[in-house]
file my_file.pdb (PDB, C-alpha atoms and all ligand atoms)
ATOM      1  CA  MET A1119       0.000   0.000   0.000
ATOM      2  CA  SER A1120       1.389   3.396  -0.952
ATOM      3  CA  PRO A1121       1.640   6.080   1.740
ATOM      4  CA  ILE A1122      -1.182   8.031   0.113
ATOM      5  CA  GLU A1123      -3.408   4.922  -0.024
ATOM      6  CA  ALA A1124      -2.672   4.320   3.648
ATOM      7  CA  LEU A1125      -3.524   7.924   4.466
ATOM      8  CA  LEU A1126      -6.803   7.855   2.527
ATOM      9  CA  SER A1127      -7.915   4.526   4.003
ATOM     10  CA  ARG A1128      -7.453   5.512   7.663
ATOM     11  CA  VAL A1129     -10.357   4.579   9.869
ATOM     12  CA  SER A1130     -10.809   4.572  13.611
ATOM     13  CA  VAL A1131     -10.688   1.130  15.179
ATOM     14  CA  PRO A1132     -12.970   0.938  18.221
ATOM     15  CA  ARG A1133     -12.170  -2.710  19.049
ATOM     16  CA  VAL A1134      -8.530  -3.561  19.568
ATOM     17  CA  VAL A1135      -6.740  -6.376  21.377
ATOM     18  CA  GLU A1136      -3.290  -7.329  22.705
ATOM     19  CA  PRO A1137      -0.404  -7.148  22.120
ATOM     20  CA  LYS A1138       0.362  -3.634  23.209
ATOM     21  CA  VAL A1139       2.339  -1.221  21.078
ATOM     22  CA  SER A1140       6.021  -2.221  20.996
ATOM     23  CA  ALA A1141       8.843   0.110  22.032
ATOM     24  CA  GLU A1142       9.850   0.505  18.401
ATOM     25  CA  GLU A1143       6.301   1.297  17.309
ATOM     26  CA  LEU A1144       5.887   3.760  20.160
ATOM     27  CA  ASN A1145       9.040   5.540  19.096
ATOM     28  CA  ILE A1146       7.635   5.967  15.581
ATOM     29  CA  LEU A1147       4.265   7.181  16.881
ATOM     30  CA  LEU A1148       5.916   9.800  19.093
ATOM     31  CA  ARG A1149       8.158  10.964  16.273
ATOM     32  CA  ALA A1150       5.094  11.245  14.012
ATOM     33  CA  GLY A1151       3.334  13.374  16.639
ATOM     34  CA  LEU A1152       6.371  15.560  16.934
ATOM     35  CA  ARG A1153       6.152  16.399  13.222
ATOM     36  CA  ALA A1154       2.931  18.354  13.729
ATOM     37  CA  CYS A1155       2.867  21.774  12.082
ATOM     38  CA  ASP A1156       3.714  24.110  14.896
ATOM     39  CA  HIS A1157       3.833  27.934  14.669
ATOM     40  CA  GLY A1158       7.053  29.017  16.364
ATOM     41  CA  ARG A1159       8.011  25.387  17.053
ATOM     42  CA  LEU A1160       6.719  25.761  20.586
ATOM     43  CA  LYS A1161       5.822  22.070  20.954
ATOM     44  CA  PRO A1162       2.792  22.924  23.095
ATOM     45  CA  TYR A1163       2.021  19.334  23.989
ATOM     46  CA  ARG A1164       3.356  16.267  25.709
ATOM     47  CA  PHE A1165       2.422  12.597  25.694
ATOM     48  CA  ILE A1166       1.524  10.232  28.516
ATOM     49  CA  LEU A1167       1.611   6.456  28.062
ATOM     50  CA  LEU A1168      -0.745   4.275  30.067
ATOM     51  CA  GLU A1169      -0.367   0.521  30.021
ATOM     52  CA  GLY A1170      -1.038  -2.308  32.470
ATOM     53  CA  GLU A1171      -2.096  -1.118  35.920
ATOM     54  CA  ALA A1172      -1.975   2.560  34.932
ATOM     55  CA  ARG A1173      -5.081   1.885  32.821
ATOM     56  CA  GLU A1174      -6.829   0.465  35.891
ATOM     57  CA  GLN A1175      -5.984   3.637  37.825
ATOM     58  CA  LEU A1176      -7.392   5.677  34.973
ATOM     59  CA  GLY A1177     -10.547   3.532  35.006
ATOM     60  CA  GLU A1178     -10.893   4.156  38.758
ATOM     61  CA  ALA A1179     -10.561   7.903  38.187
ATOM     62  CA  MET A1180     -13.185   7.746  35.435
ATOM     63  CA  SER A1181     -15.646   5.930  37.696
ATOM     64  CA  GLU A1182     -14.910   8.350  40.579
ATOM     65  CA  TYR A1183     -15.862  11.214  38.265
ATOM     66  CA  LEU A1184     -19.115   9.467  37.416
ATOM     67  CA  HIS A1185     -19.810   8.900  41.102
ATOM     68  CA  GLY A1186     -19.206  12.524  41.979
ATOM     69  CA  ASP A1187     -20.873  14.117  38.988
ATOM     70  CA  LEU A1188     -24.101  12.203  38.570
ATOM     71  CA  VAL A1189     -26.816  11.489  41.052
ATOM     72  CA  ASP A1190     -28.451   8.061  40.839
ATOM     73  CA  VAL A1191     -25.666   6.479  38.846
ATOM     74  CA  SER A1192     -26.022   2.704  38.731
ATOM     75  CA  GLU A1193     -23.387   0.237  39.899
ATOM     76  CA  GLU A1194     -23.333  -1.145  36.337
ATOM     77  CA  ALA A1195     -22.479   2.292  34.945
ATOM     78  CA  ILE A1196     -19.669   2.667  37.474
ATOM     79  CA  GLU A1197     -18.290  -0.762  36.597
ATOM     80  CA  ALA A1198     -18.553   0.068  32.887
ATOM     81  CA  ALA A1199     -16.629   3.309  33.439
ATOM     82  CA  LYS A1200     -13.881   1.394  35.243
ATOM     83  CA  ASN A1201     -13.543  -0.995  32.317
ATOM     84  CA  LYS A1202     -13.472   1.702  29.668
ATOM     85  CA  ALA A1203      -9.757   2.293  30.068
ATOM     86  CA  LEU A1204      -9.145  -1.423  29.571
ATOM     87  CA  ARG A1205     -10.571  -1.384  26.058
ATOM     88  CA  ALA A1206      -7.061  -1.229  24.585
ATOM     89  CA  PRO A1207      -3.680  -2.556  25.715
ATOM     90  CA  THR A1208      -2.014   0.818  25.117
ATOM     91  CA  LEU A1209      -3.380   4.284  25.792
ATOM     92  CA  LEU A1210      -1.471   7.305  24.623
ATOM     93  CA  SER A1211      -2.690  10.596  25.918
ATOM     94  CA  VAL A1212      -1.915  13.865  24.124
ATOM     95  CA  ILE A1213      -1.765  16.780  26.532
ATOM     96  CA  PHE A1214      -2.043  20.421  25.523
ATOM     97  CA  CYS A1215       0.603  22.495  27.321
ATOM     98  CA  PRO A1216       0.035  26.139  26.324
ATOM     99  CA  ASN A1217       2.996  28.467  26.119
ATOM    100  CA  ASP A1218       2.716  32.088  27.118
ATOM    101  CA  ASN A1219       3.645  33.659  23.795
ATOM    102  CA  GLU A1220       2.938  37.172  22.561
ATOM    103  CA  LYS A1221       2.803  36.240  18.879
ATOM    104  CA  ILE A1222       1.205  32.827  18.864
ATOM    105  CA  PRO A1223      -2.281  32.648  20.347
ATOM    106  CA  GLU A1224      -3.346  29.746  22.492
ATOM    107  CA  SER A1225      -5.920  28.730  19.872
ATOM    108  CA  GLU A1226      -3.131  28.060  17.354
ATOM    109  CA  GLN A1227      -1.209  26.084  19.927
ATOM    110  CA  LEU A1228      -4.268  23.948  20.645
ATOM    111  CA  VAL A1229      -4.578  23.203  16.928
ATOM    112  CA  THR A1230      -0.958  22.061  16.952
ATOM    113  CA  ALA A1231      -1.644  19.652  19.815
ATOM    114  CA  GLY A1232      -4.624  18.300  17.843
ATOM    115  CA  CYS A1233      -2.416  17.891  14.776
ATOM    116  CA  ALA A1234       0.046  15.883  16.886
ATOM    117  CA  ALA A1235      -2.789  13.571  17.937
ATOM    118  CA  GLN A1236      -3.987  13.179  14.346
ATOM    119  CA  LEU A1237      -0.482  12.334  13.147
ATOM    120  CA  ILE A1238      -0.184   9.659  15.835
ATOM    121  CA  VAL A1239      -3.507   8.105  14.808
ATOM    122  CA  THR A1240      -2.494   8.252  11.150
ATOM    123  CA  ALA A1241       0.960   6.766  11.760
ATOM    124  CA  ALA A1242      -0.646   3.989  13.806
ATOM    125  CA  HIS A1243      -2.872   3.101  10.855
ATOM    126  CA  MET A1244       0.168   3.063   8.575
ATOM    127  CA  LEU A1245       1.873   0.627  10.948
ATOM    128  CA  GLY A1246      -1.188  -1.661  11.030
ATOM    129  CA  ILE A1247      -2.030  -0.617  14.589
ATOM    130  CA  GLY A1248      -5.694   0.034  15.385
ATOM    131  CA  ALA A1249      -6.238   3.469  16.898
ATOM    132  CA  MET A1250      -9.194   5.442  18.194
ATOM    133  CA  TRP A1251      -9.150   9.012  19.501
ATOM    134  CA  ARG A1252     -11.524   9.318  22.421
ATOM    135  CA  THR A1253     -12.375  12.081  24.864
ATOM    136  CA  GLY A1254     -15.661  12.985  26.566
ATOM    137  CA  ASN A1255     -16.439  15.019  29.679
ATOM    138  CA  VAL A1256     -14.801  12.451  31.921
ATOM    139  CA  THR A1257     -11.507  12.909  30.065
ATOM    140  CA  TYR A1258     -11.496  16.598  30.964
ATOM    141  CA  SER A1259     -12.426  15.971  34.592
ATOM    142  CA  GLY A1260     -10.344  16.830  37.645
ATOM    143  CA  GLU A1261     -10.226  13.136  38.567
ATOM    144  CA  VAL A1262      -8.551  12.209  35.269
ATOM    145  CA  SER A1263      -6.269  15.288  35.342
ATOM    146  CA  ARG A1264      -5.031  14.235  38.775
ATOM    147  CA  ILE A1265      -4.285  10.654  37.769
ATOM    148  CA  LEU A1266      -2.394  11.940  34.717
ATOM    149  CA  GLY A1267      -0.486  14.458  36.842
ATOM    150  CA  LEU A1268      -1.541  17.497  34.824
ATOM    151  CA  ASP A1269      -0.921  20.988  36.095
ATOM    152  CA  ASP A1270      -3.670  23.627  36.056
ATOM    153  CA  SER A1271      -2.724  24.990  32.635
ATOM    154  CA  GLU A1272      -2.700  21.610  30.922
ATOM    155  CA  GLN A1273      -5.593  19.882  29.193
ATOM    156  CA  VAL A1274      -6.201  16.473  27.652
ATOM    157  CA  VAL A1275      -6.589  16.750  23.892
ATOM    158  CA  ALA A1276      -6.799  13.074  23.049
ATOM    159  CA  MET A1277      -6.863   9.727  24.700
ATOM    160  CA  ILE A1278      -5.697   7.460  21.891
ATOM    161  CA  TYR A1279      -6.641   3.813  22.349
ATOM    162  CA  LEU A1280      -4.142   1.580  20.548
ATOM    163  CA  GLY A1281      -3.831  -2.133  19.872
ATOM    164  CA  ARG A1282      -4.250  -4.759  17.193
ATOM    165  CA  PRO A1283      -7.483  -4.482  15.188
ATOM    166  CA  ALA A1284      -9.963  -7.109  16.433
ATOM    167  CA  ALA A1285     -11.594  -7.392  12.976
ATOM    168  CA  ASN A1286     -10.960  -6.452   9.381
ATOM    169  CA  LEU A1287     -10.975  -2.720   8.873
ATOM    170  CA  PRO A1288     -13.991  -1.191   7.111
ATOM    171  CA  GLN A1289     -13.599   1.174   4.195
ATOM    172  CA  PRO A1290     -14.056   4.808   5.213
ATOM    173  CA  PRO A1291     -17.376   6.288   4.055
ATOM    174  CA  GLU A1292     -17.357   7.832   0.602
ATOM    175  CA  VAL A1293     -17.467  11.606   0.607
ATOM    176  CA  ASP A1294     -17.341  13.980  -2.306
ATOM    177  CA  PRO A1295     -14.321  16.187  -1.639
ATOM    178  CA  GLU A1296     -15.658  18.832  -4.040
ATOM    179  CA  SER A1297     -18.655  19.378  -1.761
ATOM    180  CA  PHE A1298     -16.229  20.679   0.882
ATOM    181  CA  LEU A1299     -14.482  23.013  -1.508
ATOM    182  CA  THR A1300     -15.263  26.566  -2.537
ATOM    183  CA  ARG A1301     -13.392  27.872  -5.531
ATOM    184  CA  LEU A1302     -12.835  31.626  -5.662
TER     185      LEU A1302
HETATM  186  C1  LIG B1401     -11.311  15.806  19.586
HETATM  187  C2  LIG B1401     -11.956  14.492  19.276
HETATM  188  C3  LIG B1401     -12.590  13.796  20.272
HETATM  189  C4  LIG B1401     -13.244  12.582  20.013
HETATM  190  N1  LIG B1401     -13.848  11.907  21.030
HETATM  191  C5  LIG B1401     -14.514  10.759  20.761
HETATM  192  C6  LIG B1401     -15.140  10.017  21.806
HETATM  193  O1  LIG B1401     -15.060  10.368  22.977
HETATM  194  N2  LIG B1401     -15.833   8.915  21.479
HETATM  195  C7  LIG B1401     -15.947   8.489  20.181
HETATM  196  O2  LIG B1401     -16.602   7.471  19.951
HETATM  197  N3  LIG B1401     -15.326   9.148  19.172
HETATM  198  C8  LIG B1401     -14.613  10.262  19.429
HETATM  199  N4  LIG B1401     -13.992  10.941  18.425
HETATM  200  C9  LIG B1401     -14.208  10.510  17.034
HETATM  201  C10 LIG B1401     -13.464   9.236  16.639
HETATM  202  O3  LIG B1401     -12.112   9.294  17.040
HETATM  203  C11 LIG B1401     -13.537   9.011  15.111
HETATM  204  O4  LIG B1401     -12.795   9.966  14.427
HETATM  205  C12 LIG B1401     -14.967   9.010  14.593
HETATM  206  O5  LIG B1401     -15.666   7.955  15.175
HETATM  207  C13 LIG B1401     -15.030   8.873  13.058
HETATM  208  O6  LIG B1401     -14.424   7.695  12.644
HETATM  209  P1  LIG B1401     -13.226   7.718  11.575
HETATM  210  O7  LIG B1401     -12.039   8.327  12.248
HETATM  211  O8  LIG B1401     -13.055   6.275  11.205
HETATM  212  O9  LIG B1401     -13.710   8.536  10.406
HETATM  213  C14 LIG B1401     -13.265  12.090  18.682
HETATM  214  C15 LIG B1401     -12.585  12.786  17.672
HETATM  215  C16 LIG B1401     -11.919  13.959  17.962
HETATM  216  C17 LIG B1401     -11.178  14.686  16.870
END
call {"tool": "encode", "arguments": {"input": "my_file.pdb", "output": "structure tokens"}}
result
Amino acid sequence: MSPIEALLSRVSVPRVVEPKVSAEELNILLRAGLRACDHGRLKPYRFILLEGEAREQLGEAMSEYLHGDLVDVSEEAIEAAKNKALRAPTLLSVIFCPNDNEKIPESEQLVTAGCAAQLIVTAAHMLGIGAMWRTGNVTYSGEVSRILGLDDSEQVVAMIYLGRPAANLPQPPEVDPESFLTRL
């Protein structure tokens, strides 16, 4: 498959299984993220790897958030929240770390962090690794920030779930690129 075919066939993979991402694969994913377009080369992001028990701690934090935030939450929902972080053998979190910069607004820096996440997901697909970018209110919660060790200025941009695809990959839906284009 050519690089452009790989790029155009990327799909999210919600169901992934062991084995976890290898050290060599991780190195490539990080290097891909670090190639994000980046005004001023500020690198306004960092990555956090969660594997093994760290995922269980994340699951605990996610269920604590649910406990604290919602009244009448069922035991099943709490258990489900705990297990959510175990849906993939490797979780790679992309964290936005804004720089105080006169010329480069925070909004641009946030885009850069998002680009880093997209490049990681794309590189994973090119390596045959299943990847899915997930977030949700729980991801932005104080409980999850604490378990990740974020400081007050930092913010989760992506929780990328990585592993081996559990099934054959579907084709991405057909879209007409021209319908997204205005010619002036
Ligand atoms: C910022 C961001 C947050 C996302 N959060 C979630 C999420 O919490 N749950 C989810 O199912 N998909 C989430 N997605 C979307 C999926 O990662 C995926 O892109 C979407 O299901 C479309 O599938 P595709 O990538 O195969 O086109 C998020 C995407 C982005 C860019």
call {"tool": "resolve_selection", "arguments": {"input": "my_file.pdb", "expression": "the PyMOL selection byres (((chain A and resi 1147-1163) around 12) and not hetatm)", "output": "compact mmCIF listing (two decimals) with C-alpha atoms, in the coordinates of the input"}}
result
# COMPACT_ATOMS: atom_id res chain seq x y z
CA VAL A 1139 2.34 -1.22 21.08
CA SER A 1140 6.02 -2.22 21.00
CA ALA A 1141 8.84 0.11 22.03
CA GLU A 1142 9.85 0.50 18.40
CA GLU A 1143 6.30 1.30 17.31
CA LEU A 1144 5.89 3.76 20.16
CA ASN A 1145 9.04 5.54 19.10
CA ILE A 1146 7.64 5.97 15.58
CA ARG A 1164 3.36 16.27 25.71
CA PHE A 1165 2.42 12.60 25.69
CA ILE A 1166 1.52 10.23 28.52
CA LEU A 1167 1.61 6.46 28.06
CA LEU A 1210 -1.47 7.30 24.62
CA SER A 1211 -2.69 10.60 25.92
CA VAL A 1212 -1.92 13.86 24.12
CA ILE A 1213 -1.76 16.78 26.53
CA PHE A 1214 -2.04 20.42 25.52
CA CYS A 1215 0.60 22.50 27.32
CA PRO A 1216 0.04 26.14 26.32
CA ASN A 1217 3.00 28.47 26.12
CA ASP A 1218 2.72 32.09 27.12
CA ASN A 1219 3.64 33.66 23.80
CA GLU A 1220 2.94 37.17 22.56
CA LYS A 1221 2.80 36.24 18.88
CA ILE A 1222 1.20 32.83 18.86
CA PRO A 1223 -2.28 32.65 20.35
CA GLU A 1224 -3.35 29.75 22.49
CA SER A 1225 -5.92 28.73 19.87
CA GLU A 1226 -3.13 28.06 17.35
CA GLN A 1227 -1.21 26.08 19.93
CA LEU A 1228 -4.27 23.95 20.64
CA VAL A 1229 -4.58 23.20 16.93
CA THR A 1230 -0.96 22.06 16.95
CA ALA A 1231 -1.64 19.65 19.82
CA GLY A 1232 -4.62 18.30 17.84
CA CYS A 1233 -2.42 17.89 14.78
CA ALA A 1234 0.05 15.88 16.89
CA ALA A 1235 -2.79 13.57 17.94
CA GLN A 1236 -3.99 13.18 14.35
CA LEU A 1237 -0.48 12.33 13.15
CA ILE A 1238 -0.18 9.66 15.84
CA VAL A 1239 -3.51 8.10 14.81
CA THR A 1240 -2.49 8.25 11.15
CA ALA A 1241 0.96 6.77 11.76
CA ALA A 1242 -0.65 3.99 13.81
CA HIS A 1243 -2.87 3.10 10.86
CA MET A 1244 0.17 3.06 8.57
CA LEU A 1245 1.87 0.63 10.95
CA GLY A 1246 -1.19 -1.66 11.03
CA ILE A 1247 -2.03 -0.62 14.59
CA ALA A 1249 -6.24 3.47 16.90
CA LEU A 1268 -1.54 17.50 34.82
CA SER A 1271 -2.72 24.99 32.64
CA GLU A 1272 -2.70 21.61 30.92
CA GLN A 1273 -5.59 19.88 29.19
CA VAL A 1274 -6.20 16.47 27.65
CA VAL A 1275 -6.59 16.75 23.89
CA ALA A 1276 -6.80 13.07 23.05
CA ILE A 1278 -5.70 7.46 21.89
CA LEU A 1280 -4.14 1.58 20.55
call {"tool": "axis_aligned_box", "arguments": {"input": "my_file.pdb", "around": "ligand LIG 1401 (chain B)", "padding_each_side": "4 Å", "output": "lines of an AutoDock Vina configuration file"}}
result
center_x = -13.9
center_y = 11.0
center_z = 16.7
size_x = 13.4
size_y = 17.5
size_z = 20.6
call {"tool": "residues_near_ligand", "arguments": {"input": "my_file.pdb", "ligand": "ligand LIG 1401 (chain B)", "cutoff": "6 Å", "atoms": "only C-alpha atoms and all ligand atoms", "output": "JSON list (two decimals) with C-alpha atoms, in the coordinates of the input"}}
result
[["chain", "number", "residue", "atom", "x", "y", "z"],
["A", 1129, "VAL", "CA", -10.36, 4.58, 9.87],
["A", 1130, "SER", "CA", -10.81, 4.57, 13.61],
["A", 1250, "MET", "CA", -9.19, 5.44, 18.19],
["A", 1251, "TRP", "CA", -9.15, 9.01, 19.50],
["A", 1252, "ARG", "CA", -11.52, 9.32, 22.42],
["A", 1253, "THR", "CA", -12.38, 12.08, 24.86],
["A", 1254, "GLY", "CA", -15.66, 12.98, 26.57]]
call {"tool": "atom_distance", "arguments": {"input": "my_file.pdb", "atom1": "atom CA of Ala1198 of chain A", "atom2": "atom CA of Ser1181 of chain A"}}
result
8.1 Å
call {"tool": "atom_distance", "arguments": {"input": "my_file.pdb", "atom1": "atom CA of Val1191 of chain A", "atom2": "atom CA of Leu1204 of chain A"}}
result
20.5 Å
call {"tool": "atom_distance", "arguments": {"input": "my_file.pdb", "atom1": "atom CA of Leu1287 of chain A", "atom2": "atom CA of Thr1257 of chain A"}}
result
26.3 Å
call {"tool": "closest_residue", "arguments": {"input": "my_file.pdb", "among": "A:Glu1182, A:Ser1127, A:Ile1122, A:Val1134", "to": "Arg1264 of chain A", "atoms": "all atoms listed in the file"}}
result
A:Glu1182
call {"tool": "resolve_selection", "arguments": {"input": "my_file.pdb", "expression": "the PyMOL selection byres (((chain A and resi 1261) around 8) and not hetatm)", "output": "list in words"}}
result
Ala1179, Met1180, Glu1182, Tyr1183, Ser1259, Gly1260, Val1262, Ser1263, Arg1264 and Ile1265 of chain A
call {"tool": "residues_near_point", "arguments": {"input": "my_file.pdb", "point": "(-4.7, -4.1, 25.4)", "cutoff": "10 Å", "atoms": "all atoms listed in the file", "output": "list in words"}}
result
Arg1133, Val1134, Val1135, Glu1136, Pro1137, Lys1138, Val1139, Glu1169, Gly1170, Arg1173, Ala1203, Leu1204, Arg1205, Ala1206, Pro1207, Thr1208, Leu1209, Tyr1279, Leu1280, Gly1281 and Arg1282 of chain A
call {"tool": "write_last_selection", "arguments": {"input": "my_file.pdb", "atoms": "C-alpha atoms", "output": "compact mmCIF listing (two decimals), in the frame of the given file"}}
result
# COMPACT_ATOMS: atom_id res chain seq x y z
CA ARG A 1133 -12.17 -2.71 19.05
CA VAL A 1134 -8.53 -3.56 19.57
CA VAL A 1135 -6.74 -6.38 21.38
CA GLU A 1136 -3.29 -7.33 22.70
CA PRO A 1137 -0.40 -7.15 22.12
CA LYS A 1138 0.36 -3.63 23.21
CA VAL A 1139 2.34 -1.22 21.08
CA GLU A 1169 -0.37 0.52 30.02
CA GLY A 1170 -1.04 -2.31 32.47
CA ARG A 1173 -5.08 1.88 32.82
CA ALA A 1203 -9.76 2.29 30.07
CA LEU A 1204 -9.14 -1.42 29.57
CA ARG A 1205 -10.57 -1.38 26.06
CA ALA A 1206 -7.06 -1.23 24.58
CA PRO A 1207 -3.68 -2.56 25.72
CA THR A 1208 -2.01 0.82 25.12
CA LEU A 1209 -3.38 4.28 25.79
CA TYR A 1279 -6.64 3.81 22.35
CA LEU A 1280 -4.14 1.58 20.55
CA GLY A 1281 -3.83 -2.13 19.87
CA ARG A 1282 -4.25 -4.76 17.19
call {"tool": "closest_residue", "arguments": {"input": "my_file.pdb", "among": "A:Val1256, A:Leu1125, A:Val1293, A:Ala1284", "to": "Gly1186 of chain A", "atoms": "all atoms listed in the file"}}
result
A:Val1256
call {"tool": "closest_residue", "arguments": {"input": "my_file.pdb", "among": "A:Ala1124, A:Leu1266, A:Val1131, A:Leu1302", "to": "Asn1286 of chain A", "atoms": "only C-alpha atoms"}}
result
A:Val1131
